[in-house]
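Asks: My structure is in data.cif, and what it holds is mmCIF, C-alpha atoms:
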```
data_my_file
loop_
_atom_site.group_PDB
_atom_site.id
_atom_site.type_symbol
_atom_site.label_atom_id
_atom_site.label_comp_id
_atom_site.auth_asym_id
_atom_site.auth_seq_id
_atom_site.Cartn_x
_atom_site.Cartn_y
_atom_site.Cartn_z
ATOM 1 C CA MET A 1 0.000 0.000 0.000
ATOM 2 C CA THR A 2 1.163 3.532 -0.777
ATOM 3 C CA TYR A 3 0.383 6.627 1.286
ATOM 4 C CA LYS A 4 0.646 10.323 0.558
ATOM 5 C CA LEU A 5 1.183 13.111 3.060
ATOM 6 C CA ASN A 6 0.323 16.635 1.940
ATOM 7 C CA ARG A 7 -0.964 19.962 3.246
ATOM 8 C CA ARG A 8 -4.600 18.969 2.901
ATOM 9 C CA SER A 9 -4.482 15.517 4.460
ATOM 10 C CA PHE A 10 -1.936 14.277 6.951
ATOM 11 C CA LEU A 11 -2.226 10.712 5.722
ATOM 12 C CA LYS A 12 -3.906 9.904 2.452
ATOM 13 C CA LYS A 13 -4.085 6.742 0.439
ATOM 14 C CA GLY A 14 -2.179 6.994 -2.846
ATOM 15 C CA ALA A 15 -3.943 7.018 -6.174
ATOM 16 C CA THR A 16 -3.990 4.102 -8.596
ATOM 17 C CA LEU A 17 -0.570 3.560 -10.126
ATOM 18 C CA GLY A 18 -0.121 4.757 -13.692
ATOM 19 C CA ALA A 19 2.145 3.586 -16.450
ATOM 20 C CA VAL A 20 4.787 6.146 -17.311
ATOM 21 C CA SER A 21 8.201 5.453 -18.795
ATOM 22 C CA LEU A 22 11.419 5.741 -16.777
ATOM 23 C CA ILE A 23 13.100 9.110 -16.934
ATOM 24 C CA TRP A 24 16.046 8.696 -19.293
ATOM 25 C CA SER A 25 17.590 12.062 -19.492
ATOM 26 C CA ARG A 26 19.931 14.331 -19.061
ATOM 27 C CA PHE A 27 27.844 28.698 -13.032
ATOM 28 C CA SER A 28 30.474 34.362 -11.138
ATOM 29 C CA PRO A 29 34.113 33.600 -10.704
ATOM 30 C CA GLY A 30 35.402 30.696 -8.651
ATOM 31 C CA LEU A 31 37.213 27.381 -8.637
ATOM 32 C CA LEU A 32 37.560 26.091 -12.173
ATOM 33 C CA TYR A 33 38.859 22.764 -13.415
ATOM 34 C CA GLY A 34 39.751 22.014 -16.992
ATOM 35 C CA LYS A 35 37.694 24.439 -19.053
ATOM 36 C CA LYS A 36 37.274 28.164 -19.594
ATOM 37 C CA SER A 37 34.715 30.053 -17.550
ATOM 38 C CA SER A 38 32.759 31.031 -20.688
ATOM 39 C CA GLU A 39 31.948 27.401 -21.430
ATOM 40 C CA LYS A 40 29.181 25.236 -20.025
ATOM 41 C CA VAL A 41 29.515 24.566 -16.311
ATOM 42 C CA ASP A 42 29.431 20.914 -15.324
ATOM 43 C CA ILE A 43 29.372 21.298 -11.563
ATOM 44 C CA SER A 44 28.279 24.298 -9.473
ATOM 45 C CA VAL A 45 29.593 24.681 -5.933
ATOM 46 C CA VAL A 46 28.384 27.380 -3.531
ATOM 47 C CA LYS A 47 29.773 27.894 -0.040
ATOM 48 C CA GLY A 48 28.086 29.882 2.698
ATOM 49 C CA GLU A 49 26.420 29.807 6.097
ATOM 50 C CA ASN A 50 22.900 30.056 4.661
ATOM 51 C CA TYR A 51 22.200 26.680 3.074
ATOM 52 C CA PHE A 52 18.922 27.834 1.517
ATOM 53 C CA ASP A 53 20.722 30.646 -0.319
ATOM 54 C CA ASN A 54 23.551 28.300 -1.310
ATOM 55 C CA THR A 55 21.062 26.015 -3.002
ATOM 56 C CA ILE A 56 19.332 28.809 -4.897
ATOM 57 C CA LYS A 57 22.663 30.177 -6.151
ATOM 58 C CA ALA A 58 23.985 26.748 -7.116
ATOM 59 C CA ILE A 59 21.026 26.183 -9.422
ATOM 60 C CA GLU A 60 21.167 29.728 -10.794
ATOM 61 C CA GLN A 61 24.763 29.061 -11.868
ATOM 62 C CA LEU A 62 23.581 26.011 -13.793
ATOM 63 C CA GLY A 63 21.040 28.093 -15.705
ATOM 64 C CA GLY A 64 18.106 28.119 -13.297
ATOM 65 C CA MET A 65 15.517 25.541 -12.348
ATOM 66 C CA LYS A 66 13.444 26.155 -15.494
ATOM 67 C CA LYS A 67 16.273 24.507 -17.391
ATOM 68 C CA PHE A 68 15.397 21.248 -15.633
ATOM 69 C CA VAL A 69 11.719 21.557 -14.693
ATOM 70 C CA PRO A 70 9.228 22.221 -17.518
ATOM 71 C CA GLU A 71 6.007 24.042 -16.761
ATOM 72 C CA ASN A 72 3.162 21.800 -15.562
ATOM 73 C CA SER A 73 5.511 18.897 -14.904
ATOM 74 C CA LYS A 74 5.391 16.466 -12.018
ATOM 75 C CA VAL A 75 8.657 16.413 -10.081
ATOM 76 C CA ALA A 76 9.995 13.566 -7.965
ATOM 77 C CA ILE A 77 12.614 14.451 -5.354
ATOM 78 C CA LEU A 78 14.769 12.077 -3.317
ATOM 79 C CA PRO A 79 16.408 13.495 -0.166
ATOM 80 C CA ASN A 80 18.227 11.313 2.391
ATOM 81 C CA VAL A 81 16.524 10.834 5.782
ATOM 82 C CA GLN A 82 18.131 7.629 7.062
ATOM 83 C CA ARG A 83 18.613 8.949 10.613
ATOM 84 C CA ASN A 84 18.410 12.242 12.497
ATOM 85 C CA ASN A 85 21.998 12.256 13.793
ATOM 86 C CA PRO A 86 23.965 15.382 12.794
ATOM 87 C CA GLY A 87 25.495 15.171 9.344
ATOM 88 C CA VAL A 88 23.647 12.088 8.088
ATOM 89 C CA TYR A 89 20.516 13.539 6.429
ATOM 90 C CA THR A 90 19.769 16.182 3.798
ATOM 91 C CA LYS A 91 19.238 19.592 5.401
ATOM 92 C CA PRO A 92 15.595 20.745 5.397
ATOM 93 C CA ASP A 93 16.633 24.209 4.111
ATOM 94 C CA ILE A 94 18.061 22.597 0.976
ATOM 95 C CA VAL A 95 14.869 20.646 0.347
ATOM 96 C CA ARG A 96 12.796 23.788 0.961
ATOM 97 C CA ALA A 97 14.842 25.718 -1.607
ATOM 98 C CA VAL A 98 14.419 22.956 -4.191
ATOM 99 C CA ILE A 99 10.650 22.848 -3.722
ATOM 100 C CA LYS A 100 10.328 26.635 -3.981
ATOM 101 C CA MET A 101 12.408 26.724 -7.175
ATOM 102 C CA CYS A 102 10.372 23.904 -8.724
ATOM 103 C CA LYS A 103 7.136 25.734 -7.968
ATOM 104 C CA GLU A 104 8.509 28.977 -9.388
ATOM 105 C CA ALA A 105 9.529 27.068 -12.528
ATOM 106 C CA GLY A 106 5.900 26.017 -12.961
ATOM 107 C CA ALA A 107 5.829 22.464 -11.607
ATOM 108 C CA LYS A 108 2.254 21.386 -10.983
ATOM 109 C CA GLU A 109 3.150 18.699 -8.459
ATOM 110 C CA ILE A 110 6.184 17.877 -6.312
ATOM 111 C CA ASN A 111 6.454 14.406 -4.833
ATOM 112 C CA CYS A 112 8.998 13.310 -2.262
ATOM 113 C CA LEU A 113 9.387 9.544 -2.626
ATOM 114 C CA SER A 114 10.387 7.133 0.127
ATOM 115 C CA TRP A 115 9.979 3.653 1.572
ATOM 116 C CA LEU A 116 11.245 4.873 4.957
ATOM 117 C CA PRO A 117 8.654 5.448 7.719
ATOM 118 C CA LEU A 118 6.997 8.769 8.502
ATOM 119 C CA GLU A 119 8.997 8.939 11.746
ATOM 120 C CA ASN A 120 12.214 9.510 9.767
ATOM 121 C CA TRP A 121 10.668 12.444 7.939
ATOM 122 C CA GLU A 122 9.332 14.007 11.120
ATOM 123 C CA ASN A 123 12.552 13.515 13.112
ATOM 124 C CA THR A 124 14.716 15.154 10.428
ATOM 125 C CA GLY A 125 12.363 18.118 9.959
ATOM 126 C CA GLN A 126 11.544 17.141 6.390
ATOM 127 C CA ALA A 127 7.841 16.410 6.926
ATOM 128 C CA ARG A 128 7.275 19.927 8.236
ATOM 129 C CA VAL A 129 9.040 21.478 5.230
ATOM 130 C CA LEU A 130 6.980 19.437 2.773
ATOM 131 C CA GLU A 131 3.734 20.381 4.498
ATOM 132 C CA GLU A 132 4.642 24.076 4.688
ATOM 133 C CA GLU A 133 5.715 24.196 1.047
ATOM 134 C CA GLY A 134 2.793 22.195 -0.341
ATOM 135 C CA ALA A 135 4.763 19.163 -1.543
ATOM 136 C CA ASN A 136 3.609 15.568 -1.222
ATOM 137 C CA LEU A 137 5.336 12.929 0.856
ATOM 138 C CA VAL A 138 4.723 9.630 -0.896
ATOM 139 C CA LEU A 139 5.408 6.800 1.525
ATOM 140 C CA VAL A 140 5.595 3.348 -0.034
ATOM 141 C CA ASP A 141 5.146 0.173 1.990
ATOM 142 C CA ARG A 142 8.572 -1.468 1.746
ATOM 143 C CA GLN A 143 7.197 -4.882 2.686
ATOM 144 C CA ASP A 144 4.841 -5.037 -0.292
ATOM 145 C CA GLU A 145 6.806 -5.953 -3.423
ATOM 146 C CA SER A 146 3.810 -5.092 -5.605
ATOM 147 C CA ASN A 147 4.762 -1.436 -4.996
ATOM 148 C CA PHE A 148 7.930 -1.962 -7.029
ATOM 149 C CA GLU A 149 8.273 -2.439 -10.788
ATOM 150 C CA PRO A 150 10.805 -4.960 -12.151
ATOM 151 C CA VAL A 151 13.246 -3.106 -14.413
ATOM 152 C CA PRO A 152 15.877 -5.048 -16.377
ATOM 153 C CA VAL A 153 19.489 -3.855 -16.119
ATOM 154 C CA PRO A 154 20.853 -4.836 -19.560
ATOM 155 C CA GLU A 155 24.282 -3.294 -18.928
ATOM 156 C CA GLY A 156 24.575 -4.715 -15.434
ATOM 157 C CA LYS A 157 27.689 -6.654 -14.487
ATOM 158 C CA SER A 158 26.441 -7.788 -11.070
ATOM 159 C CA LEU A 159 22.805 -6.645 -11.134
ATOM 160 C CA SER A 160 20.498 -8.059 -13.807
ATOM 161 C CA GLU A 161 17.204 -6.678 -12.501
ATOM 162 C CA SER A 162 16.219 -3.773 -10.277
ATOM 163 C CA ARG A 163 12.834 -3.164 -8.677
ATOM 164 C CA ILE A 164 11.952 0.517 -8.870
ATOM 165 C CA MET A 165 9.235 2.224 -6.868
ATOM 166 C CA LYS A 166 6.121 2.374 -9.066
ATOM 167 C CA GLU A 167 5.316 5.869 -7.820
ATOM 168 C CA PHE A 168 8.505 7.025 -9.541
ATOM 169 C CA PHE A 169 6.980 6.383 -12.960
ATOM 170 C CA LYS A 170 4.194 8.893 -12.340
ATOM 171 C CA ASN A 171 6.649 11.789 -12.536
ATOM 172 C CA ASP A 172 8.195 13.728 -15.407
ATOM 173 C CA VAL A 173 11.329 15.051 -13.687
ATOM 174 C CA PHE A 174 13.628 13.492 -11.108
ATOM 175 C CA ILE A 175 15.837 15.524 -8.735
ATOM 176 C CA ASN A 176 18.304 13.610 -6.574
ATOM 177 C CA ILE A 177 19.101 15.384 -3.242
ATOM 178 C CA PRO A 178 21.552 13.255 -1.239
ATOM 179 C CA ILE A 179 23.999 14.156 1.490
ATOM 180 C CA THR A 180 27.611 13.123 0.990
ATOM 181 C CA LYS A 181 29.045 11.204 3.955
ATOM 182 C CA ASP A 182 30.903 8.187 5.228
ATOM 183 C CA HIS A 183 29.683 4.658 4.556
ATOM 184 C CA ALA A 184 30.456 1.481 6.491
ATOM 185 C CA GLY A 185 31.362 -0.507 3.390
ATOM 186 C CA ASN A 186 32.554 1.576 0.476
ATOM 187 C CA LYS A 187 33.597 4.574 2.646
ATOM 188 C CA PHE A 188 31.618 7.063 0.586
ATOM 189 C CA THR A 189 28.017 7.815 -0.275
ATOM 190 C CA GLY A 190 26.605 10.505 -2.542
ATOM 191 C CA THR A 191 24.582 10.797 -5.740
ATOM 192 C CA LEU A 192 25.213 7.270 -7.020
ATOM 193 C CA LYS A 193 24.380 5.434 -3.831
ATOM 194 C CA ASN A 194 21.290 7.527 -3.115
ATOM 195 C CA MET A 195 19.584 5.740 -6.022
ATOM 196 C CA MET A 196 19.086 2.769 -3.718
ATOM 197 C CA GLY A 197 16.338 4.844 -2.103
ATOM 198 C CA LEU A 198 14.167 4.215 -5.167
ATOM 199 C CA ASN A 199 14.963 0.521 -5.350
ATOM 200 C CA SER A 200 13.150 -2.162 -3.398
ATOM 201 C CA PRO A 201 14.810 -2.887 -0.015
ATOM 202 C CA LYS A 202 14.480 -6.591 -0.795
ATOM 203 C CA ASN A 203 16.391 -6.092 -4.042
ATOM 204 C CA ASN A 204 18.902 -3.853 -2.245
ATOM 205 C CA ARG A 205 19.694 -6.707 0.137
ATOM 206 C CA THR A 206 21.128 -8.685 -2.784
ATOM 207 C CA PHE A 207 23.771 -5.937 -3.098
ATOM 208 C CA HIS A 208 25.176 -6.972 0.291
ATOM 209 C CA LYS A 209 27.072 -10.232 0.355
ATOM 210 C CA GLU A 210 28.517 -11.730 3.535
ATOM 211 C CA ASN A 211 31.199 -9.557 5.139
ATOM 212 C CA TRP A 212 30.327 -6.661 2.840
ATOM 213 C CA THR A 213 32.099 -4.178 5.122
ATOM 214 C CA THR A 214 35.410 -6.064 5.230
ATOM 215 C CA ASP A 215 35.749 -8.468 2.298
ATOM 216 C CA ILE A 216 37.068 -6.782 -0.849
ATOM 217 C CA ASN A 217 35.107 -9.032 -3.218
ATOM 218 C CA SER A 218 31.871 -8.357 -1.358
ATOM 219 C CA LEU A 219 32.645 -4.654 -1.420
ATOM 220 C CA LYS A 220 33.279 -4.767 -5.172
ATOM 221 C CA HIS A 221 29.946 -6.530 -5.620
ATOM 222 C CA LEU A 222 28.115 -3.862 -3.611
ATOM 223 C CA ASP A 223 29.713 -1.050 -5.579
ATOM 224 C CA GLN A 224 29.129 -2.747 -8.920
ATOM 225 C CA CYS A 225 25.441 -3.233 -8.097
ATOM 226 C CA ILE A 226 25.167 0.489 -7.289
ATOM 227 C CA ALA A 227 26.894 1.393 -10.556
ATOM 228 C CA ASP A 228 24.641 -1.036 -12.448
ATOM 229 C CA LEU A 229 21.512 0.465 -10.871
ATOM 230 C CA ASN A 230 22.618 3.893 -12.063
ATOM 231 C CA THR A 231 22.559 2.703 -15.674
ATOM 232 C CA VAL A 232 18.753 2.502 -15.586
ATOM 233 C CA ILE A 233 17.920 5.551 -13.457
ATOM 234 C CA LYS A 234 19.265 8.951 -14.439
ATOM 235 C CA PRO A 235 18.346 12.081 -12.474
ATOM 236 C CA ASP A 236 17.623 15.260 -14.383
ATOM 237 C CA LEU A 237 19.478 17.145 -11.653
ATOM 238 C CA CYS A 238 21.552 16.327 -8.575
ATOM 239 C CA ILE A 239 21.859 18.685 -5.602
ATOM 240 C CA VAL A 240 24.219 17.439 -2.900
ATOM 241 C CA ASP A 241 24.275 18.508 0.724
ATOM 242 C CA ALA A 242 27.980 18.920 1.497
ATOM 243 C CA THR A 243 27.322 21.491 4.215
ATOM 244 C CA GLU A 244 27.840 19.377 7.338
ATOM 245 C CA PHE A 245 28.464 15.632 7.195
ATOM 246 C CA ILE A 246 30.038 12.712 9.024
ATOM 247 C CA ILE A 247 33.368 11.218 7.932
ATOM 248 C CA THR A 248 33.241 8.264 10.353
ATOM 249 C CA ASN A 249 30.619 5.733 11.474
ATOM 250 C CA GLY A 250 28.462 6.141 8.394
ATOM 251 C CA PRO A 251 25.915 6.024 7.060
ATOM 252 C CA PHE A 252 23.839 6.386 10.226
ATOM 253 C CA GLY A 253 26.229 8.062 12.672
ATOM 254 C CA PRO A 254 26.825 9.647 15.040
ATOM 255 C CA GLY A 255 30.312 10.284 13.749
ATOM 256 C CA GLU A 256 33.060 12.847 13.342
ATOM 257 C CA LEU A 257 31.526 15.903 11.716
ATOM 258 C CA ILE A 258 33.110 18.328 9.255
ATOM 259 C CA ILE A 259 31.471 21.529 8.015
ATOM 260 C CA PRO A 260 32.498 22.568 4.473
ATOM 261 C CA GLN A 261 29.244 24.610 4.154
ATOM 262 C CA LYS A 262 28.894 23.684 0.479
ATOM 263 C CA VAL A 263 26.016 22.800 -1.825
ATOM 264 C CA VAL A 264 27.101 20.982 -4.977
ATOM 265 C CA ALA A 265 24.874 20.741 -8.057
ATOM 266 C CA GLY A 266 24.996 19.366 -11.577
ATOM 267 C CA THR A 267 23.974 16.460 -13.755
ATOM 268 C CA ASP A 268 27.168 14.383 -13.808
ATOM 269 C CA ARG A 269 26.816 11.948 -10.903
ATOM 270 C CA VAL A 270 30.327 10.563 -11.279
ATOM 271 C CA GLY A 271 31.890 14.010 -11.452
ATOM 272 C CA ILE A 272 29.891 15.283 -8.479
ATOM 273 C CA ASP A 273 30.798 12.289 -6.337
ATOM 274 C CA ALA A 274 34.443 12.588 -7.366
ATOM 275 C CA TYR A 275 34.426 16.262 -6.336
ATOM 276 C CA CYS A 276 32.705 15.517 -3.021
ATOM 277 C CA CYS A 277 35.386 12.932 -2.208
ATOM 278 C CA THR A 278 37.975 15.687 -2.226
ATOM 279 C CA LEU A 279 36.111 17.621 0.482
ATOM 280 C CA TRP A 280 37.411 15.128 3.029
ATOM 281 C CA ASP A 281 40.658 14.060 1.435
ATOM 282 C CA LEU A 282 39.397 10.897 -0.246
ATOM 283 C CA VAL A 283 40.813 9.956 -3.643
ATOM 284 C CA PRO A 284 38.112 9.237 -6.273
ATOM 285 C CA ASP A 285 40.256 6.458 -7.761
ATOM 286 C CA ASP A 286 40.055 4.655 -4.412
ATOM 287 C CA ILE A 287 36.233 4.583 -4.420
ATOM 288 C CA ILE A 288 35.328 1.476 -6.429
ATOM 289 C CA MET A 289 31.762 2.614 -7.071
ATOM 290 C CA ILE A 290 32.923 5.831 -8.755
ATOM 291 C CA LYS A 291 35.383 3.981 -10.992
ATOM 292 C CA GLN A 292 32.767 1.389 -11.959
ATOM 293 C CA ALA A 293 30.187 4.061 -12.774
ATOM 294 C CA HIS A 294 32.793 5.863 -14.878
ATOM 295 C CA GLU A 295 33.494 2.612 -16.745
ATOM 296 C CA HIS A 296 29.765 2.338 -17.432
ATOM 297 C CA GLY A 297 29.931 5.752 -19.122
ATOM 298 C CA ILE A 298 27.672 7.335 -16.502
ATOM 299 C CA GLY A 299 29.981 10.304 -15.995
ATOM 300 C CA GLU A 300 33.484 11.774 -15.884
ATOM 301 C CA MET A 301 35.695 11.218 -12.827
ATOM 302 C CA ASP A 302 38.689 13.232 -14.052
ATOM 303 C CA MET A 303 38.085 16.708 -12.645
ATOM 304 C CA ASN A 304 40.602 18.186 -15.089
ATOM 305 C CA LYS A 305 38.043 17.395 -17.780
ATOM 306 C CA LEU A 306 35.176 19.081 -15.935
ATOM 307 C CA ASN A 307 34.211 22.713 -15.689
ATOM 308 C CA ILE A 308 33.708 23.224 -11.957
ATOM 309 C CA LYS A 309 32.846 26.688 -10.669
ATOM 310 C CA GLU A 310 32.894 27.484 -7.007
ATOM 311 C CA ILE A 311 31.867 30.702 -5.286
ATOM 312 C CA SER A 312 31.439 31.807 -1.702
ATOM 313 C CA LEU A 313 28.468 33.784 -0.373
ATOM 314 C CA THR A 314 30.246 34.662 2.878
#
```
Can I see the file as structure tokens?
Replies:
Amino acid sequence: MTYKLNRRSFLKKGATLGAVSLIWSRFSPGLLYGKKSSEKVDISVVKGENYFDNTIKAIEQLGGMKKFVPENSKVAILPNVQRNNPGVYTKPDIVRAVIKMCKEAGAKEINCLSWLPLENWENTGQARVLEEEGANLVLVDRQDESNFEPVPVPEGKSLSESRIMKEFFKNDVFINIPITKDHAGNKFTGTLKNMMGLNSPKNNRTFHKENWTTDINSLKHLDQCIADLNTVIKPDLCIVDATEFIITNGPFGPGELIIPQKVVAGTDRVGIDAYCCTLWDLVPDDIIMIKQAHEHGIGEMDMNKLNIKEISLT
């Protein structure tokens, strides 16, 4: 069973599932890698104490939200709300900024998708933001596999079939809003790994072989499954919370917290994750998932080949 939470009804049964195809799609001076400032910006980075303003500016530097959200479109967003420990969930101010920009771009409906319980959304402050901004919280029953659509993974090396939330197919635009942070197995989580939030938890369990936090072969399998999953789901836009995040004891925390105060945005998941690695002295080449996604052709991990613009609002 699927439930929706919106301004008009605290808990509302979801509508009948429709059949819509998967979304197969598609910055001011500052830090610049590889290309001239007059050329297209691949990754926008904005630093500042006001995370709402950072988010607005990051998208402005990419060309504005209208570049990604057509008028009268239905928008699916995917923040991270795994726990409410500091530095492990997407900041509510970032989600609020995304919703406001989508509405200003002309979106007719904004749906926040999740198979996590309502408690997670309330404890992290996300439920309040969605209610105040008039967005829907679509909660899918994770125990009911009928809520997930089998999707073949033809390019998969470890994953042959995913099971994607059916509610996802009702939307026209997909915006991925993860937080970058530590992970118990592969040491890093960001745009690529956040895709597991759309996949069935039962299917996600097949990603984790025995000793997946310590055995290198199990770790490679986990990372390859994540890379494979990303071949069939492509966000129209990624907006990463790199404002305050844990670098130990991930993904749930509590852990050691660092505060770069940055919002990172773009469409290249591999490039964004590679950049976010550098915020806490990780080497992208050491993160198997990033290398495997690059080998799939999902994105560019060499930052010398990317146009990255970074500005500070402080």
Asks: Enumerate, as a short mmCIF file (atom, residue, chain, number, x, y, z; two decimals) with C-alpha atoms, in the coordinates of the input, the residues matched when the PyMOL selection byres ((chain A and resi 260) around 9) is run on the file above.
Replies:
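As a result, result_14.cif now contains:
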```
data_model
loop_
_atom_site.label_atom_id
_atom_site.label_comp_id
_atom_site.auth_asym_id
_atom_site.auth_seq_id
_atom_site.Cartn_x
_atom_site.Cartn_y
_atom_site.Cartn_z
CA LYS A 47 29.77 27.89 -0.04
CA GLY A 48 28.09 29.88 2.70
CA ALA A 242 27.98 18.92 1.50
CA THR A 243 27.32 21.49 4.22
CA GLU A 244 27.84 19.38 7.34
CA PHE A 245 28.46 15.63 7.20
CA ILE A 258 33.11 18.33 9.26
CA ILE A 259 31.47 21.53 8.02
CA GLN A 261 29.24 24.61 4.15
CA LYS A 262 28.89 23.68 0.48
CA LEU A 279 36.11 17.62 0.48
#
```
Asks: Every residue with an atom at most 10 Å from (15.7, 21.6, 1.6) (file coordinates; only C-alpha atoms) is what I'm after, so could you write them as a compact mmCIF listing (two decimals) with C-alpha atoms, keeping the file's coordinate frame?
Replies:
```txt
# COMPACT_ATOMS: atom_id res chain seq x y z
CA TYR A 51 22.20 26.68 3.07
CA PHE A 52 18.92 27.83 1.52
CA THR A 55 21.06 26.02 -3.00
CA PRO A 79 16.41 13.50 -0.17
CA THR A 90 19.77 16.18 3.80
CA LYS A 91 19.24 19.59 5.40
CA PRO A 92 15.60 20.74 5.40
CA ASP A 93 16.63 24.21 4.11
CA ILE A 94 18.06 22.60 0.98
CA VAL A 95 14.87 20.65 0.35
CA ARG A 96 12.80 23.79 0.96
CA ALA A 97 14.84 25.72 -1.61
CA VAL A 98 14.42 22.96 -4.19
CA ILE A 99 10.65 22.85 -3.72
CA LYS A 100 10.33 26.64 -3.98
CA GLY A 125 12.36 18.12 9.96
CA GLN A 126 11.54 17.14 6.39
CA VAL A 129 9.04 21.48 5.23
CA LEU A 130 6.98 19.44 2.77
CA ILE A 177 19.10 15.38 -3.24
CA ILE A 239 21.86 18.68 -5.60
CA ASP A 241 24.28 18.51 0.72
```
Asks: Find the residues near region 234-238 of chain A: any atom within 8 Å, counting all atoms listed in the file, skip ones fewer than 2 places away on the same chain, and give them as an MDAnalysis selection string.
Replies: chainID A and resid 23:26 68 173:178 191 230:232 240 265:269
Asks: Out of A:Leu62, A:Ile216, A:Ala227, A:Ala184, which residue has the shortest atom-to-atom distance to Asp42 (chain A) when counting all atoms listed in the file?
Replies: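 Counting all atoms listed in the file, the residue closest to Asp42 (chain A) is A:Leu62.
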Asks: Once the PyMOL selection byres ((chain A and resi 103) around 12) has been applied to the shown file, what residues remain in the selection, as a ChimeraX atom specification?
Replies: /A:65-66,69-75,96-102,104-111,133-135
Asks: Could you check the closest approach to Ser200 (chain A) for each of A:Asp172, A:Asp182, A:Glu149, A:Asp228 and tell me which residue wins, using all atoms listed in the file?
Replies: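 Using all atoms listed in the file, Ser200 (chain A) sits closest to A:Glu149.
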Asks: Taking the file as shown, find all residues satisfying the PyMOL selection byres ((chain A and resi 118) around 10) and write them as a PyMOL selection string.
Replies: chain A and resi 5+11+114-117+119-123+126-127+137-139
Asks: Find, counting all atoms listed in the file, the residue in A:Asp215, A:Glu155, A:Glu210, A:Glu39 that gets nearest to Gly297 (chain A).
Replies: A:Glu155
Asks: For the atom pair CA of Met196 (chain A) and CA of Ile164 (chain A), what is the interatomic distance in Å to one decimal place?
Replies: 9.1 Å
Asks: Using all atoms listed in the file, which of A:Ile288, A:Arg163, A:Cys112, A:Ala274 sits nearest Asp302 (chain A)?
Replies: A:Ala274
Asks: Pick out the closest residue to Cys277 (chain A) from this set: A:Gly299, A:Asn50, A:Cys225, A:Phe188. Count all atoms listed in the file.
Replies: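 Nearest candidate to Cys277 (chain A) out of A:Gly299, A:Asn50, A:Cys225, A:Phe188: A:Phe188.
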Asks: Considering only C-alpha atoms, state which residue in the set A:Leu313, A:Leu306, A:Ile179, A:Met165 is at the smallest distance from Arg83 (chain A).
Replies: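 Ranking A:Leu313, A:Leu306, A:Ile179, A:Met165 by distance to Arg83 (chain A), first place goes to A:Ile179.
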Asks: Tyr275 (chain A): which residues within 10 Å, counting only C-alpha atoms, same-chain residues fewer than 4 positions away excluded, as a list in words?
Replies: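 Near Tyr275 (chain A), the qualifying residues are Ile43, Val45, Val264, Arg269, Val270, Gly271, Leu279, Trp280, Leu282, Val283, Pro284, Met301, Asp302, Met303 and Ile308 of chain A.
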Asks: For a test of reading the model, state the distance in Å between CA of Asn249 (chain A) and CA of His183 (chain A), rounded to one decimal.
Replies: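 Answer for the CA of Asn249 (chain A) to CA of His183 (chain A) separation: 7.1 Å.
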Asks: At what distance in Å, to one decimal, does CA of Gln61 (chain A) lie from CA of Ile272 (chain A)?
Replies: 15.1 Å
Asks: Counting all atoms listed in the file, find residues at most 12 Å from (20.3, -1.9, -2.2) (file frame) and give them as a PyMOL selection string.
Replies: chain A and resi 159+161-164+192-209+221-230
Asks: Which residues are near Glu167 (chain A)? Cut-off 8 Å, all atoms listed in the file, ignore same chain within fewer than 2 positions. Put them as a list in words.
Replies: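 Once the nearby chain positions are removed, what remains is Leu17, Leu113, Val138, Asn147, Met165, Phe169, Lys170 and Asn171 of chain A.
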Asks: Could you add whatever atoms are missing so that region 241-250 of chain A carries N, CA and C atoms, then write the result as a PDB file, keeping the file's coordinate frame?
Replies:
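The resulting rebuild34.pdb:
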```pdb
ATOM      1  N   ASP A 241      24.006  17.852  -0.551  1.00  0.00           N
ATOM      2  CA  ASP A 241      24.275  18.508   0.724  1.00  0.00           C
ATOM      3  C   ASP A 241      25.686  18.138   1.156  1.00  0.00           C
ATOM      4  N   ALA A 242      26.616  19.085   0.994  1.00  0.00           N
ATOM      5  CA  ALA A 242      27.980  18.920   1.497  1.00  0.00           C
ATOM      6  C   ALA A 242      28.251  20.037   2.493  1.00  0.00           C
ATOM      7  N   THR A 243      27.228  20.392   3.258  1.00  0.00           N
ATOM      8  CA  THR A 243      27.322  21.491   4.215  1.00  0.00           C
ATOM      9  C   THR A 243      27.939  21.026   5.528  1.00  0.00           C
ATOM     10  N   GLU A 244      27.371  19.966   6.090  1.00  0.00           N
ATOM     11  CA  GLU A 244      27.840  19.377   7.338  1.00  0.00           C
ATOM     12  C   GLU A 244      27.604  17.875   7.236  1.00  0.00           C
ATOM     13  N   PHE A 245      28.675  17.074   7.348  1.00  0.00           N
ATOM     14  CA  PHE A 245      28.464  15.632   7.195  1.00  0.00           C
ATOM     15  C   PHE A 245      29.496  14.826   7.973  1.00  0.00           C
ATOM     16  N   ILE A 246      29.151  13.576   8.250  1.00  0.00           N
ATOM     17  CA  ILE A 246      30.038  12.712   9.024  1.00  0.00           C
ATOM     18  C   ILE A 246      31.083  12.058   8.122  1.00  0.00           C
ATOM     19  N   ILE A 247      32.290  11.886   8.664  1.00  0.00           N
ATOM     20  CA  ILE A 247      33.368  11.218   7.932  1.00  0.00           C
ATOM     21  C   ILE A 247      33.799   9.936   8.648  1.00  0.00           C
ATOM     22  N   THR A 248      33.053   9.544   9.669  1.00  0.00           N
ATOM     23  CA  THR A 248      33.241   8.264  10.353  1.00  0.00           C
ATOM     24  C   THR A 248      31.869   7.722  10.747  1.00  0.00           C
ATOM     25  N   ASN A 249      31.814   6.397  10.954  1.00  0.00           N
ATOM     26  CA  ASN A 249      30.619   5.733  11.474  1.00  0.00           C
ATOM     27  C   ASN A 249      29.379   5.943  10.612  1.00  0.00           C
ATOM     28  N   GLY A 250      29.594   5.990   9.292  1.00  0.00           N
ATOM     29  CA  GLY A 250      28.462   6.141   8.394  1.00  0.00           C
ATOM     30  C   GLY A 250      27.833   4.800   8.062  1.00  0.00           C
TER      31      GLY A 250
END
```
